[in-house]
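Asks: Just passing along the structure, written as structure tokens.
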Amino acid sequence: MKLSDKKFGFGFMRLPLKDGEPDKKLVCDMVDYFIENGFTYFDTAHGYHNGLSEIAIRDCLTSRYPREAYTITDKLTEPYFKTQEDIRPFFEKQLEWCGVEYFDYYLMHAQGADNYPKFKRCRAYETALELKAEGKIRHFGISFHDTADMLKQILDDYPEIEVVQIQFNYVDYDDTAVQAKKCYELCKEYGKSVIVMEPVKGGSLVNLPEKAQKIFDELGSGSNASYAIRFAAGFDGIEMVLSGMSNMEQLEDNVSFMKDFKPLSDTELEAIDRVREVFKSLDMIPCTACRYCIEENECPKKILIPDLFACYNTKTVFKNWNQNYYYNTVYTVNNGKASECIKCGKCEKVCPQHLPIRHLLNDVAKEFE
């Protein structure tokens with residue numbers, strides 16, 4: 001199954017913001033540039049930007065371009081239904097929010113051992129397949145965050161799945177927790193098309209440690225993002241690589257090397273291996289800033305978990321001197337400090353990386369408080 005003529009998609013998960021909401025003017029400019037350069041694939045979900053991502057799709061894309069000019073993927077996310085009867089009305093609202101009559105792709109969102117039983121109990125897969133039969137979904141699939149064994153179970157249970165969206169980047173490729181390589185190989189074995197999310201690992205593969213940066217600097221003029229995205233796009237069976245771009249500069253850079261895509265050379269792949277070894281030697285919190293922990297299950301103490309983890313990584317790994325300022329006067333002045341965690345565990349239940357967040361917040365508190 002070929003998703004698009006070009007294997008690069010615009011993820012509406014990390015849009016530029018203005019006054020706390022997506023900057024519609026800038027997003028429109030970015031959508032225009034994306035489409036003008038021959039790209040058509042857009043990805044959203046209701047949890048992104050607290051429901052405003054889908055509205056941005058409507059205001060910046062679907063109300064401004066004919067239906068045949070773009071491809072849209074949306075998702076069914078666990079917090080937004082309790083029973084099977086809730087799913088169809090929610091789906092219809094998603095169509096309305098996005099301003100379309102059908103979705104090109106509809107995915108069961110962030111599937112894993114924690115939420116898959118609920119999707120099965122509520123017959124979410126069966127309901128989505130009914131919607132597909134009615135023409136409201138063109139292609140059916142899942143986005144996935146768990147082990148290869150769990151993925152195999154889902155693919156065995158539902159052979160109707162056409163496409164699988166997985167986290168895949170050069171750091172997670174052989175990571176024992178993410179199991180990106182194993183999940184990719186399983187998708188190939190089952191004949192499923194693959195969509196890549198987090199190719200730059202939430203920005204971690206753009207702002208590199210000094211030792212890793214020197215390795216890429218020796219290669220020449222390519223951006224750090226170019227090596228990461230081209231790494232993911234170079235694998236057989238990967239039909240689409242998503243990038244959640246937050247400004248025009250990121251978009252222009254990504255388009256520059258994906259418009260006429262060329263896989264990494266042997267020299268570049270060797271450099272990737274060396275950079276991967278640098279990351280393995282670091283003690284970083286592997287948070288991708290997806291924000292599921294605070295947007296889909298609101299923290300009772302309003303702790304900005306991804307932002308505090310970013311402060312911790314930047315201070316301890318990249319030795320950035322001003323992170324105490326951000327911790328104390330930006331991220332915790334109107335929100336909870338790491339030490340205020342009540343250990344309820346709601347965040348850990350929705351974390352795609354399966355991070356021990358409660359334990360890690362203790363580390364953050366020790367570093368900053």
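Residue names in the structure tokens use chain letters A, B, ... in the order shown, residue numbers from 1 in each chain, and ligand numbers from 1 in the order shown.
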I'd like the contact shell of Leu208 in chain A - 10 Å cut-off, only C-alpha atoms, skipping same-chain residues fewer than 6 positions apart - returned as a PyMOL selection string.

Replies: chain A and resi 214+216+224+275+278-279+317-318

Asks: Please provide as a ChimeraX atom specification all residues within 9 Å of Pro263 in chain A, with the sequence filter that same-chain residues fewer than 5 positions apart are discarded (counting only C-alpha atoms).

Replies: /A:230-231,233-235

Asks: Between A:Val333, A:Ile229, A:Leu17, A:Cys341, which residue has the minimum interatomic distance to Glu198 in chain A, considering only C-alpha atoms?

Replies: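 Looking at the shortest contact to Glu198 in chain A, the residue is A:Ile229.
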
Asks: Please, which residues of range 4-206 of chain A, numbered as in this document, come out helix (DSSP H, G or I) from DSSP, as a PyMOL selection string?

Replies: chain A and resi 24-36+48-62+67-69+78-80+84-98+116-121+124-133+148-157+180-190+201-203

Asks: Taking C-alpha atoms for each residue, export the selection above as a compact mmCIF listing (two decimals), in the first residue's frame.

Replies:
# COMPACT_ATOMS: atom_id res chain seq x y z
CA LYS A 24 -3.25 29.83 12.51
CA LYS A 25 -1.56 32.33 10.21
CA LEU A 26 1.82 30.67 10.50
CA VAL A 27 0.30 27.18 10.23
CA CYS A 28 -1.49 28.24 7.03
CA ASP A 29 1.81 29.48 5.61
CA MET A 30 3.46 26.19 6.52
CA VAL A 31 0.64 24.14 4.98
CA ASP A 32 0.90 26.18 1.78
CA TYR A 33 4.65 25.65 1.56
CA PHE A 34 4.27 21.94 2.26
CA ILE A 35 1.69 21.45 -0.48
CA GLU A 36 3.46 23.74 -2.97
CA TYR A 48 -2.85 16.99 20.22
CA HIS A 49 -2.94 20.58 21.47
CA ASN A 50 -5.96 19.69 23.64
CA GLY A 51 -8.24 19.18 20.65
CA LEU A 52 -7.06 22.23 18.71
CA SER A 53 -4.91 20.23 16.27
CA GLU A 54 -7.98 18.91 14.45
CA ILE A 55 -9.45 22.42 14.33
CA ALA A 56 -6.18 23.67 12.84
CA ILE A 57 -6.44 20.95 10.17
CA ARG A 58 -9.86 22.32 9.24
CA ASP A 59 -8.99 26.01 9.37
CA CYS A 60 -5.57 25.77 7.70
CA LEU A 61 -5.99 22.86 5.30
CA THR A 62 -9.38 21.34 4.54
CA ARG A 67 -10.28 17.16 -0.96
CA GLU A 68 -8.06 15.45 -3.51
CA ALA A 69 -5.13 17.74 -2.60
CA GLU A 78 -8.39 5.82 24.72
CA PRO A 79 -9.53 8.66 27.06
CA TYR A 80 -12.29 9.76 24.67
CA GLN A 84 -18.60 0.99 22.17
CA GLU A 85 -21.58 3.32 21.94
CA ASP A 86 -19.30 6.32 22.52
CA ILE A 87 -17.04 5.61 19.54
CA ARG A 88 -19.24 6.40 16.56
CA PRO A 89 -20.47 9.81 17.89
CA PHE A 90 -16.88 10.75 18.75
CA PHE A 91 -15.72 9.72 15.27
CA GLU A 92 -18.44 11.85 13.67
CA LYS A 93 -17.28 14.82 15.74
CA GLN A 94 -13.72 14.22 14.54
CA LEU A 95 -14.91 14.42 10.94
CA GLU A 96 -16.64 17.69 11.81
CA TRP A 97 -13.63 19.11 13.65
CA CYS A 98 -11.37 18.26 10.69
CA TYR A 116 -5.51 -2.79 24.12
CA PRO A 117 -7.89 -4.74 26.41
CA LYS A 118 -10.21 -1.72 26.58
CA PHE A 119 -10.16 -1.34 22.77
CA LYS A 120 -11.07 -5.02 22.47
CA ARG A 121 -13.74 -4.87 25.18
CA ALA A 124 -13.21 -0.37 18.82
CA TYR A 125 -11.50 -2.25 15.99
CA GLU A 126 -14.80 -3.74 14.83
CA THR A 127 -16.48 -0.32 14.93
CA ALA A 128 -13.68 1.23 12.87
CA LEU A 129 -13.96 -1.58 10.32
CA GLU A 130 -17.71 -0.91 10.08
CA LEU A 131 -16.95 2.75 9.39
CA LYS A 132 -14.50 1.66 6.72
CA ALA A 133 -17.18 -0.48 5.08
CA ALA A 148 7.16 -6.71 19.35
CA ASP A 149 5.35 -9.54 21.15
CA MET A 150 2.41 -7.26 21.85
CA LEU A 151 2.39 -6.06 18.24
CA LYS A 152 2.31 -9.65 17.04
CA GLN A 153 -0.71 -10.36 19.23
CA ILE A 154 -2.62 -7.40 17.77
CA LEU A 155 -1.70 -8.27 14.17
CA ASP A 156 -2.77 -11.86 14.77
CA ASP A 157 -6.06 -10.73 16.32
CA ALA A 180 11.98 -0.32 16.97
CA LYS A 181 13.90 -2.78 14.80
CA LYS A 182 11.88 -5.78 15.99
CA CYS A 183 8.57 -3.98 15.45
CA TYR A 184 9.62 -2.86 11.98
CA GLU A 185 10.70 -6.36 11.01
CA LEU A 186 7.44 -7.80 12.30
CA CYS A 187 5.46 -5.33 10.17
CA LYS A 188 7.45 -6.44 7.14
CA GLU A 189 6.84 -10.10 7.98
CA TYR A 190 3.08 -9.45 8.17
CA LYS A 201 13.02 11.54 19.00
CA GLY A 202 11.14 14.66 20.07
CA GLY A 203 14.03 16.90 19.03

Asks: Could you give me, as number ranges by chain, the residues within 12 Å of Ile357 in chain A, counting only C-alpha atoms and dropping anything in the same chain fewer than 3 positions from it?

Replies: A: 285-287, 293-294, 299, 303-306, 308-309, 338, 341-354, 360-364

Asks: If we count only C-alpha atoms, what is near Ala110 in chain A at a cut-off of 6 Å, once residues fewer than 2 positions away on the same chain are taken out, given as a ChimeraX atom specification?

Replies: /A:143-145

Asks: Could the residues in this selection be saved with all heavy atoms as a PDB file, in the first residue's frame?

Replies:
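So out-v1.pdb came out as:
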ATOM      1  N   SER A 143      -1.523   2.940  15.669  1.00  0.00           N
ATOM      2  CA  SER A 143      -0.228   3.478  16.081  1.00  0.00           C
ATOM      3  C   SER A 143       0.157   2.689  17.321  1.00  0.00           C
ATOM      4  O   SER A 143      -0.699   2.306  18.120  1.00  0.00           O
ATOM      5  CB  SER A 143      -0.287   4.986  16.353  1.00  0.00           C
ATOM      6  OG  SER A 143      -1.000   5.280  17.532  1.00  0.00           O
ATOM      7  N   PHE A 144       1.445   2.447  17.487  1.00  0.00           N
ATOM      8  CA  PHE A 144       1.855   1.417  18.426  1.00  0.00           C
ATOM      9  C   PHE A 144       3.034   1.854  19.285  1.00  0.00           C
ATOM     10  O   PHE A 144       4.006   2.415  18.775  1.00  0.00           O
ATOM     11  CB  PHE A 144       2.218   0.144  17.655  1.00  0.00           C
ATOM     12  CG  PHE A 144       2.581  -1.023  18.528  1.00  0.00           C
ATOM     13  CD1 PHE A 144       1.591  -1.743  19.174  1.00  0.00           C
ATOM     14  CD2 PHE A 144       3.902  -1.376  18.722  1.00  0.00           C
ATOM     15  CE1 PHE A 144       1.915  -2.815  20.002  1.00  0.00           C
ATOM     16  CE2 PHE A 144       4.240  -2.435  19.545  1.00  0.00           C
ATOM     17  CZ  PHE A 144       3.245  -3.157  20.184  1.00  0.00           C
ATOM     18  N   HIS A 145       2.943   1.559  20.599  1.00  0.00           N
ATOM     19  CA  HIS A 145       4.025   1.825  21.555  1.00  0.00           C
ATOM     20  C   HIS A 145       4.124   0.663  22.531  1.00  0.00           C
ATOM     21  O   HIS A 145       3.559   0.716  23.628  1.00  0.00           O
ATOM     22  CB  HIS A 145       3.754   3.111  22.346  1.00  0.00           C
ATOM     23  CG  HIS A 145       3.862   4.370  21.561  1.00  0.00           C
ATOM     24  ND1 HIS A 145       5.066   4.950  21.237  1.00  0.00           N
ATOM     25  CD2 HIS A 145       2.910   5.176  21.040  1.00  0.00           C
ATOM     26  CE1 HIS A 145       4.850   6.061  20.558  1.00  0.00           C
ATOM     27  NE2 HIS A 145       3.556   6.222  20.426  1.00  0.00           N
TER      28      HIS A 145
END

Asks: Hey, what does DSSP flag as strand (DSSP E or B) within range 122-313 of chain A? Can you give it to me as a list of chain:residue names?

Replies: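 Result set for range 122-313 of chain A (strand (DSSP E or B)): A:Ile137, A:Arg138, A:His139, A:Phe140, A:Gly141, A:Ile142, A:Ser143, A:Phe144, A:Val163, A:Val164, A:Gln165, A:Ile166, A:Gln167, A:Ser193, A:Val194, A:Ile195, A:Val196, A:Met197, A:Ile238, A:Glu239, A:Met240, A:Val241, A:Leu242, A:Ser243, A:Ile303.
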
Asks: Taking only C-alpha atoms into account, which of A:Ser63, A:Ser339, A:Thr44, A:Ser226 comes nearest Glu268 in chain A?

Replies: A:Ser226

Asks: Let me make sure I understand: among A:Tyr65, A:Phe168, A:Tyr227, A:Phe140, which one has the smallest atom-to-atom distance to Lys192 in chain A if we use only C-alpha atoms?

Replies: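 Checking each candidate against Lys192 in chain A, we get A:Phe140 as the closest.
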
Asks: Quick one, how far is CA of Pro22 in chain A from CA of Tyr106 in chain A?

Replies: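 About the pair CA of Pro22 in chain A and CA of Tyr106 in chain A: they are 22.8 Å apart.
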
Asks: Counting only C-alpha atoms, figure out which residue out of A:Lys259, A:Lys337, A:Arg64, A:Lys75 gets nearest to Asp43 in chain A.

Replies: A:Lys75

Asks: Near range 236-246 of chain A, counting only C-alpha atoms, which residues have an atom at most 7 Å away, once you skip same-chain residues fewer than 2 positions from it, shown as a list in words?

Replies: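 Near neighbours after the sequence-gap exclusion: Lys2, Leu3, Lys7, Phe8, Gly9, Phe10, Gly11, Phe12, Met13, Arg14, Leu15, Pro16, Lys188, Ser193, Val194, Ile195, Val196, Met197, Ala233, Gly234, Gln250 and Leu251 of chain A.
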
Asks: Using only C-alpha atoms, pick whichever of A:Glu295, A:Val206, A:Tyr312, A:Phe261 has the shortest atom-to-atom distance to His46 in chain A.

Replies: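 Of the candidates, the smallest distance to His46 in chain A is held by A:Glu295.
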
Asks: Grab the CA of Tyr170 in chain A to CA of Asp273 in chain A distance for me, in Å with one decimal place.

Replies: 8.1 Å

Asks: Which distance in Å separates CA of Tyr331 in chain A and CA of Gln167 in chain A, to one decimal?

Replies: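 Spanning CA of Tyr331 in chain A to CA of Gln167 in chain A is a straight-line distance of 27.2 Å.
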